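> Sending over a structure as structure tokens; questions will come in a sec.
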Amino acid sequence: SDHPTRKEYYLHKVNLAVGPRSCEYFARLFRQQQQQAASNGYNTVHPSNCHSIELPLSSLPAIPSMLDFIYSTDGLTPVQATTETAVPLRYLATIFGNRSLFDSATEYLQADLRPETAIPYLNHADLYRQKKLSEVCVRLCAEQFDHIKIRWLAMLPPHLMEEILYSKYFQCSSCNQVCSKIAAYCRCHGNAIDSSSFLSLTDARVMPLINPEEALFFIKFMISLGINLDDDEHDLSGRNLYERCIDAAPSVVRGVIDSLCHGTNSYGSRRQDKNACGDYSQLPPHIK
């Protein structure tokens, strides 16, 4: 079909509903259709007897691999899965009642799961509500946080990032690195992070140390979110983070001010130094 999200497959009932790789869903559907046809006096299922099922768009790329698996004649060939299709294949196997497909996709997933692939697996596990897989991925990411690159973490929505940081298995060799990764994550997501998520991501329980190079950014981000920085006995979370940033910032601020006094408008040559200059320039006067 010309429709961008629609593709037609011409299949055989015997492959879908009979044999060791058949689907319980189709076997039951065809029996019901045959029974309905018989009750209506037809010898065969009426051509107008159509059936439809809605599937997530992200599962569509996995359908060809599912069909190849079902049509395989030797019964031994594993499903041709990838990191992007393994979880959708497990979903399709559950929907259509194909245990052998589920087991084959799971076998591939278990062999493929590692720090480099844990993030896409976690995203898919969350999307398809595969709770046990999600827990395994969160644990792997938490234990291997040192080795999880920010470009991988940037793929996660805030609630999954929080699950990793608050996991009881969370490990990181450097508090500075935790702070830098959280700051980079916030930069990547920008407006997608609300004040509640931001304060959760930067809580002292998961980010015990403020990297001085990120302090100005966090203050600027708090202001952009409209977080109350004043003493408020009803909500001290914003104020606590602000004070931690103020305590961490002096060394960076001195470097920025020195560069401005010398008329260079550039504090150092590293990306972090340039970020600090930009963050400081955007702060309101009373904060400076």
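To be explicit about the labels: the chains of the structure tokens are called A, B, and onward in the order shown, and within each one the residues are counted from 1, while ligands get numbers from 1 in the order they are shown.
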Can you list, as a VMD selection string, all residues belonging to region 7-221 of chain A that DSSP tags as alpha helix (DSSP H)?
chain A and resid 13 to 17 24 to 39 63 to 71 86 to 96 99 to 112 115 to 127 131 to 143 150 to 153 158 to 165 175 to 189 195 to 201 212 to 221
> What are the closest atom pairs, with distances in Å to one decimal, for each residue of region 152-213 of chain A lying within 10 Å of region 133-138 of chain A, using only C-alpha atoms, rows by chain and rising residue number, as a tab-separated table?

```
residue	atom	partner	partner_atom	distance
A:Leu160	CA	A:Val138	CA	8.1
A:Met161	CA	A:Val138	CA	8.9
A:Glu162	CA	A:Val138	CA	9.9
A:Glu163	CA	A:Val138	CA	6.8
A:Ile164	CA	A:Val138	CA	5.4
A:Leu165	CA	A:Val138	CA	9.1
A:Tyr166	CA	A:Val138	CA	9.8
A:Ser167	CA	A:Val138	CA	7.4
A:Tyr169	CA	A:Val138	CA	8.7
A:Phe170	CA	A:Val138	CA	9.1
```
> Using only all heavy atoms, please write the residues we just selected to a file, as an mmCIF file, in the first residue's frame.

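Contents of again.cif, as written:
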```cif
data_model
loop_
_atom_site.group_PDB
_atom_site.id
_atom_site.type_symbol
_atom_site.label_atom_id
_atom_site.label_comp_id
_atom_site.auth_asym_id
_atom_site.auth_seq_id
_atom_site.Cartn_x
_atom_site.Cartn_y
_atom_site.Cartn_z
ATOM 1 N N LEU A 160 12.936 7.460 33.467
ATOM 2 C CA LEU A 160 13.837 6.308 33.429
ATOM 3 C C LEU A 160 15.234 6.688 33.921
ATOM 4 O O LEU A 160 15.914 5.875 34.561
ATOM 5 C CB LEU A 160 13.912 5.733 32.011
ATOM 6 C CG LEU A 160 12.628 5.080 31.493
ATOM 7 C CD1 LEU A 160 12.830 4.529 30.088
ATOM 8 C CD2 LEU A 160 12.177 3.958 32.433
ATOM 9 N N MET A 161 15.655 7.916 33.627
ATOM 10 C CA MET A 161 16.928 8.391 34.172
ATOM 11 C C MET A 161 16.869 8.384 35.701
ATOM 12 O O MET A 161 17.831 7.979 36.369
ATOM 13 C CB MET A 161 17.213 9.796 33.649
ATOM 14 C CG MET A 161 18.538 10.372 34.111
ATOM 15 S SD MET A 161 19.966 9.496 33.433
ATOM 16 C CE MET A 161 21.276 10.673 33.852
ATOM 17 N N GLU A 162 15.740 8.792 36.248
ATOM 18 C CA GLU A 162 15.573 8.796 37.699
ATOM 19 C C GLU A 162 15.637 7.376 38.263
ATOM 20 O O GLU A 162 16.233 7.142 39.322
ATOM 21 C CB GLU A 162 14.246 9.451 38.066
ATOM 22 C CG GLU A 162 14.204 10.954 37.838
ATOM 23 C CD GLU A 162 12.847 11.539 38.155
ATOM 24 O OE1 GLU A 162 12.321 11.250 39.243
ATOM 25 O OE2 GLU A 162 12.302 12.287 37.318
ATOM 26 N N GLU A 163 15.032 6.425 37.570
ATOM 27 C CA GLU A 163 15.058 5.039 38.043
ATOM 28 C C GLU A 163 16.484 4.526 38.156
ATOM 29 O O GLU A 163 16.827 3.802 39.094
ATOM 30 C CB GLU A 163 14.238 4.136 37.110
ATOM 31 C CG GLU A 163 12.743 4.278 37.269
ATOM 32 C CD GLU A 163 11.989 3.155 36.573
ATOM 33 O OE1 GLU A 163 12.528 2.035 36.491
ATOM 34 O OE2 GLU A 163 10.865 3.408 36.104
ATOM 35 N N ILE A 164 17.333 4.878 37.204
ATOM 36 C CA ILE A 164 18.731 4.448 37.241
ATOM 37 C C ILE A 164 19.447 5.097 38.421
ATOM 38 O O ILE A 164 20.137 4.419 39.199
ATOM 39 C CB ILE A 164 19.438 4.803 35.921
ATOM 40 C CG1 ILE A 164 18.861 3.980 34.767
ATOM 41 C CG2 ILE A 164 20.941 4.563 36.032
ATOM 42 C CD1 ILE A 164 19.374 4.386 33.402
ATOM 43 N N LEU A 165 19.295 6.405 38.567
ATOM 44 C CA LEU A 165 20.014 7.129 39.622
ATOM 45 C C LEU A 165 19.581 6.700 41.022
ATOM 46 O O LEU A 165 20.400 6.695 41.954
ATOM 47 C CB LEU A 165 19.800 8.634 39.455
ATOM 48 C CG LEU A 165 20.418 9.270 38.207
ATOM 49 C CD1 LEU A 165 20.005 10.738 38.094
ATOM 50 C CD2 LEU A 165 21.941 9.157 38.231
ATOM 51 N N TYR A 166 18.317 6.333 41.180
ATOM 52 C CA TYR A 166 17.812 5.960 42.496
ATOM 53 C C TYR A 166 17.832 4.445 42.725
ATOM 54 O O TYR A 166 17.383 3.972 43.761
ATOM 55 C CB TYR A 166 16.379 6.485 42.685
ATOM 56 C CG TYR A 166 16.332 7.957 43.008
ATOM 57 C CD1 TYR A 166 16.284 8.915 41.997
ATOM 58 C CD2 TYR A 166 16.352 8.406 44.324
ATOM 59 C CE1 TYR A 166 16.249 10.269 42.286
ATOM 60 C CE2 TYR A 166 16.312 9.758 44.623
ATOM 61 C CZ TYR A 166 16.265 10.687 43.597
ATOM 62 O OH TYR A 166 16.236 12.023 43.894
ATOM 63 N N SER A 167 18.359 3.700 41.775
ATOM 64 C CA SER A 167 18.440 2.248 41.936
ATOM 65 C C SER A 167 19.368 1.892 43.102
ATOM 66 O O SER A 167 20.407 2.524 43.312
ATOM 67 C CB SER A 167 18.979 1.605 40.652
ATOM 68 O OG SER A 167 19.301 0.240 40.870
ATOM 69 N N TYR A 169 21.250 -0.421 43.116
ATOM 70 C CA TYR A 169 22.466 -0.979 42.538
ATOM 71 C C TYR A 169 23.388 0.104 41.954
ATOM 72 O O TYR A 169 24.424 -0.209 41.382
ATOM 73 C CB TYR A 169 22.116 -1.978 41.430
ATOM 74 C CG TYR A 169 21.254 -3.119 41.898
ATOM 75 C CD1 TYR A 169 19.898 -3.168 41.585
ATOM 76 C CD2 TYR A 169 21.782 -4.150 42.672
ATOM 77 C CE1 TYR A 169 19.095 -4.209 42.013
ATOM 78 C CE2 TYR A 169 20.984 -5.197 43.114
ATOM 79 C CZ TYR A 169 19.646 -5.226 42.782
ATOM 80 O OH TYR A 169 18.864 -6.259 43.205
ATOM 81 N N PHE A 170 23.000 1.363 42.126
ATOM 82 C CA PHE A 170 23.755 2.448 41.488
ATOM 83 C C PHE A 170 25.182 2.514 42.010
ATOM 84 O O PHE A 170 25.427 2.504 43.208
ATOM 85 C CB PHE A 170 23.062 3.787 41.725
ATOM 86 C CG PHE A 170 23.730 4.939 41.025
ATOM 87 C CD1 PHE A 170 23.507 5.181 39.684
ATOM 88 C CD2 PHE A 170 24.608 5.767 41.711
ATOM 89 C CE1 PHE A 170 24.132 6.228 39.029
ATOM 90 C CE2 PHE A 170 25.235 6.822 41.073
ATOM 91 C CZ PHE A 170 24.999 7.052 39.732
#
```
> Can you list, as a ChimeraX atom specification, every protein, DNA or RNA residue that comes within 10 Å of Asn240 (chain A) when you count only C-alpha atoms, leaving out same-chain residues fewer than 3 positions away?
/A:199,203-204,229-231,235-237,243-246
> So that I can see what lies close to Asn98 (chain A), please list as a list in words the residues with an atom at most 8 Å from it, counting only C-alpha atoms and leaving out residues fewer than 5 positions away in the same chain.
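Within the cut-off, the hits are Arg21, Ser22, Cys23, Glu24 and Ala93 of chain A.
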> With N, CA and C atoms retained, export the selected residues as a PDB file, in the first residue's frame.

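Output (selection_7.pdb):
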```
ATOM      1  N   ARG A  21       5.478 -23.614  15.143  1.00  0.00           N
ATOM      2  CA  ARG A  21       5.711 -22.175  15.185  1.00  0.00           C
ATOM      3  C   ARG A  21       4.448 -21.371  14.863  1.00  0.00           C
ATOM      4  N   SER A  22       3.328 -22.006  15.007  1.00  0.00           N
ATOM      5  CA  SER A  22       2.050 -21.343  14.726  1.00  0.00           C
ATOM      6  C   SER A  22       1.682 -20.403  15.877  1.00  0.00           C
ATOM      7  N   CYS A  23       0.672 -19.591  15.621  1.00  0.00           N
ATOM      8  CA  CYS A  23       0.226 -18.600  16.603  1.00  0.00           C
ATOM      9  C   CYS A  23      -1.153 -18.977  17.133  1.00  0.00           C
ATOM     10  N   GLU A  24      -1.282 -19.047  18.442  1.00  0.00           N
ATOM     11  CA  GLU A  24      -2.572 -19.367  19.054  1.00  0.00           C
ATOM     12  C   GLU A  24      -3.644 -18.352  18.660  1.00  0.00           C
ATOM     13  N   ALA A  93       5.082 -11.723  19.907  1.00  0.00           N
ATOM     14  CA  ALA A  93       4.928 -13.127  20.300  1.00  0.00           C
ATOM     15  C   ALA A  93       3.866 -13.276  21.387  1.00  0.00           C
TER      16      ALA A  93
END
```
> Neighbouring residues of Ala17 (chain A) were defined as those with any atom within 10 Å, considering only C-alpha atoms; residues of the same chain fewer than 6 positions away were excluded. Please report them as a list of chain:residue names.
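Here the qualifying residues turn out to be A:Cys23, A:Glu24, A:Tyr25, A:Phe26, A:Ala27, A:Arg28, A:Leu29, A:Phe30, A:Arg31, A:Ile70.
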> In Å, rounded to a single decimal, give me how far CA of Leu16 (chain A) is from CA of Asp68 (chain A).
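Those two atoms sit 11.2 Å apart.
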> Extract, using only C-alpha atoms, all DNA, RNA and protein residues at most 12 Å from region 192-195 of chain A, discarding same-chain residues fewer than 5 positions from it, and format them as an MDAnalysis selection string.
chainID A and resid 154 156:159 161:162 182:183 185:187 200:203 218 221:228 237:238
> Could you name the residues that touch Ser58 (chain A) at 12 Å or less, counting only C-alpha atoms, but leaving out those on the same chain fewer than 6 positions away, as a tab-separated table (two decimals) with N, CA, C and O atoms, in the first residue's frame?

```tsv
chain	number	residue	atom	x	y	z
A	5	THR	N	2.43	4.03	6.88
A	5	THR	CA	2.49	3.16	8.05
A	5	THR	C	1.74	1.85	7.80
A	5	THR	O	1.41	1.15	8.74
A	84	GLU	N	17.07	-3.40	18.05
A	84	GLU	CA	15.85	-2.59	17.88
A	84	GLU	C	14.59	-3.43	17.75
A	84	GLU	O	13.48	-2.92	17.98
A	85	THR	N	14.70	-4.69	17.37
A	85	THR	CA	13.50	-5.50	17.14
A	85	THR	C	13.27	-6.60	18.17
A	85	THR	O	12.19	-7.18	18.20
A	86	ALA	N	14.24	-6.89	19.03
A	86	ALA	CA	14.10	-8.02	19.95
A	86	ALA	C	12.91	-7.84	20.89
A	86	ALA	O	12.11	-8.77	21.07
A	87	VAL	N	12.77	-6.66	21.50
A	87	VAL	CA	11.65	-6.43	22.42
A	87	VAL	C	10.31	-6.37	21.67
A	87	VAL	O	9.33	-6.98	22.11
A	88	PRO	N	10.22	-5.64	20.53
A	88	PRO	CA	8.98	-5.71	19.75
A	88	PRO	C	8.61	-7.14	19.34
A	88	PRO	O	7.42	-7.49	19.32
A	89	LEU	N	9.61	-7.98	19.05
A	89	LEU	CA	9.32	-9.38	18.71
A	89	LEU	C	8.72	-10.11	19.90
A	89	LEU	O	7.79	-10.91	19.75
A	91	TYR	N	6.97	-8.71	22.19
A	91	TYR	CA	5.61	-8.17	22.29
A	91	TYR	C	4.68	-8.85	21.30
A	91	TYR	O	3.58	-9.29	21.65
A	92	LEU	N	5.12	-8.95	20.04
A	92	LEU	CA	4.31	-9.61	19.01
A	92	LEU	C	4.05	-11.07	19.36
A	92	LEU	O	2.95	-11.59	19.15
A	123	ASN	N	14.35	1.52	27.02
A	123	ASN	CA	13.29	2.32	26.40
A	123	ASN	C	12.18	1.43	25.85
A	123	ASN	O	10.99	1.72	26.02
A	124	HIS	N	12.56	0.35	25.17
A	124	HIS	CA	11.56	-0.55	24.61
A	124	HIS	C	10.81	-1.30	25.71
A	124	HIS	O	9.59	-1.51	25.61
A	127	LEU	N	8.27	1.03	27.00
A	127	LEU	CA	7.20	1.25	26.02
A	127	LEU	C	6.24	0.07	25.97
A	127	LEU	O	5.02	0.25	25.91
A	128	TYR	N	6.79	-1.15	26.01
A	128	TYR	CA	5.95	-2.35	25.88
A	128	TYR	C	5.59	-2.95	27.24
A	128	TYR	O	5.06	-4.06	27.30
```
> Quote the spacing between CA of Thr77 (chain A) and CA of Leu109 (chain A) in Å to one decimal place.
15.8 Å
> Quick one: distance from CA of Met207 (chain A) to CA of Arg129 (chain A) in Å, one decimal?
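Answer for the CA of Met207 (chain A) to CA of Arg129 (chain A) separation: 28.4 Å.
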